[in-house]
Amino acid sequence: MNEIVCRDASCPGIETIILVMVPGQRTRACKISKPLEEVTEADVREAVAAG
């Protein structure tokens, strides 16, 4: 997981990015619109399920 500052006006400011790596598939980036310290397991599950 990585935390980044989004400079786009429509962003919440800080996002957490999760890279999902599965052998034989392209790496997927899932975004959660909150700082890493606020991310819950439910947030991760929802982000990964959404795509």
# chains A, B, ... in the order shown; residues from 1 in each chain; ligands from 1
$ residues_around --residues "Ile32 of chain A" --least-positions-apart "2" --cutoff "8 Å" --atoms "only C-alpha atoms" --output "ChimeraX atom specification"
/A:15-17,30,34,39,43-44,47
$ select_by_dssp --residues "chain A" --states "strand (DSSP E or B)" --output "PyMOL selection string"
chain A and resi 2-5+14-20+28-32
$ atom_distance --atom1 "atom CA of Pro35 of chain A" --atom2 "atom CA of Val22 of chain A"
24.8 Å
$ atom_distance --atom1 "atom CA of Arg45 of chain A" --atom2 "atom CA of Cys11 of chain A"
20.8 Å
$ select_by_dssp --residues "chain A" --states "helix (DSSP H, G or I)" --output "number ranges by chain"
A: 36-38, 41-50
$ atom_distance --atom1 "atom CA of Ile14 of chain A" --atom2 "atom CA of Ala49 of chain A"
21.0 Å
$ closest_residue --among "A:Gly51, A:Val20, A:Thr40, A:Ser33" --to "Cys6 of chain A" --atoms "only C-alpha atoms"
A:Ser33
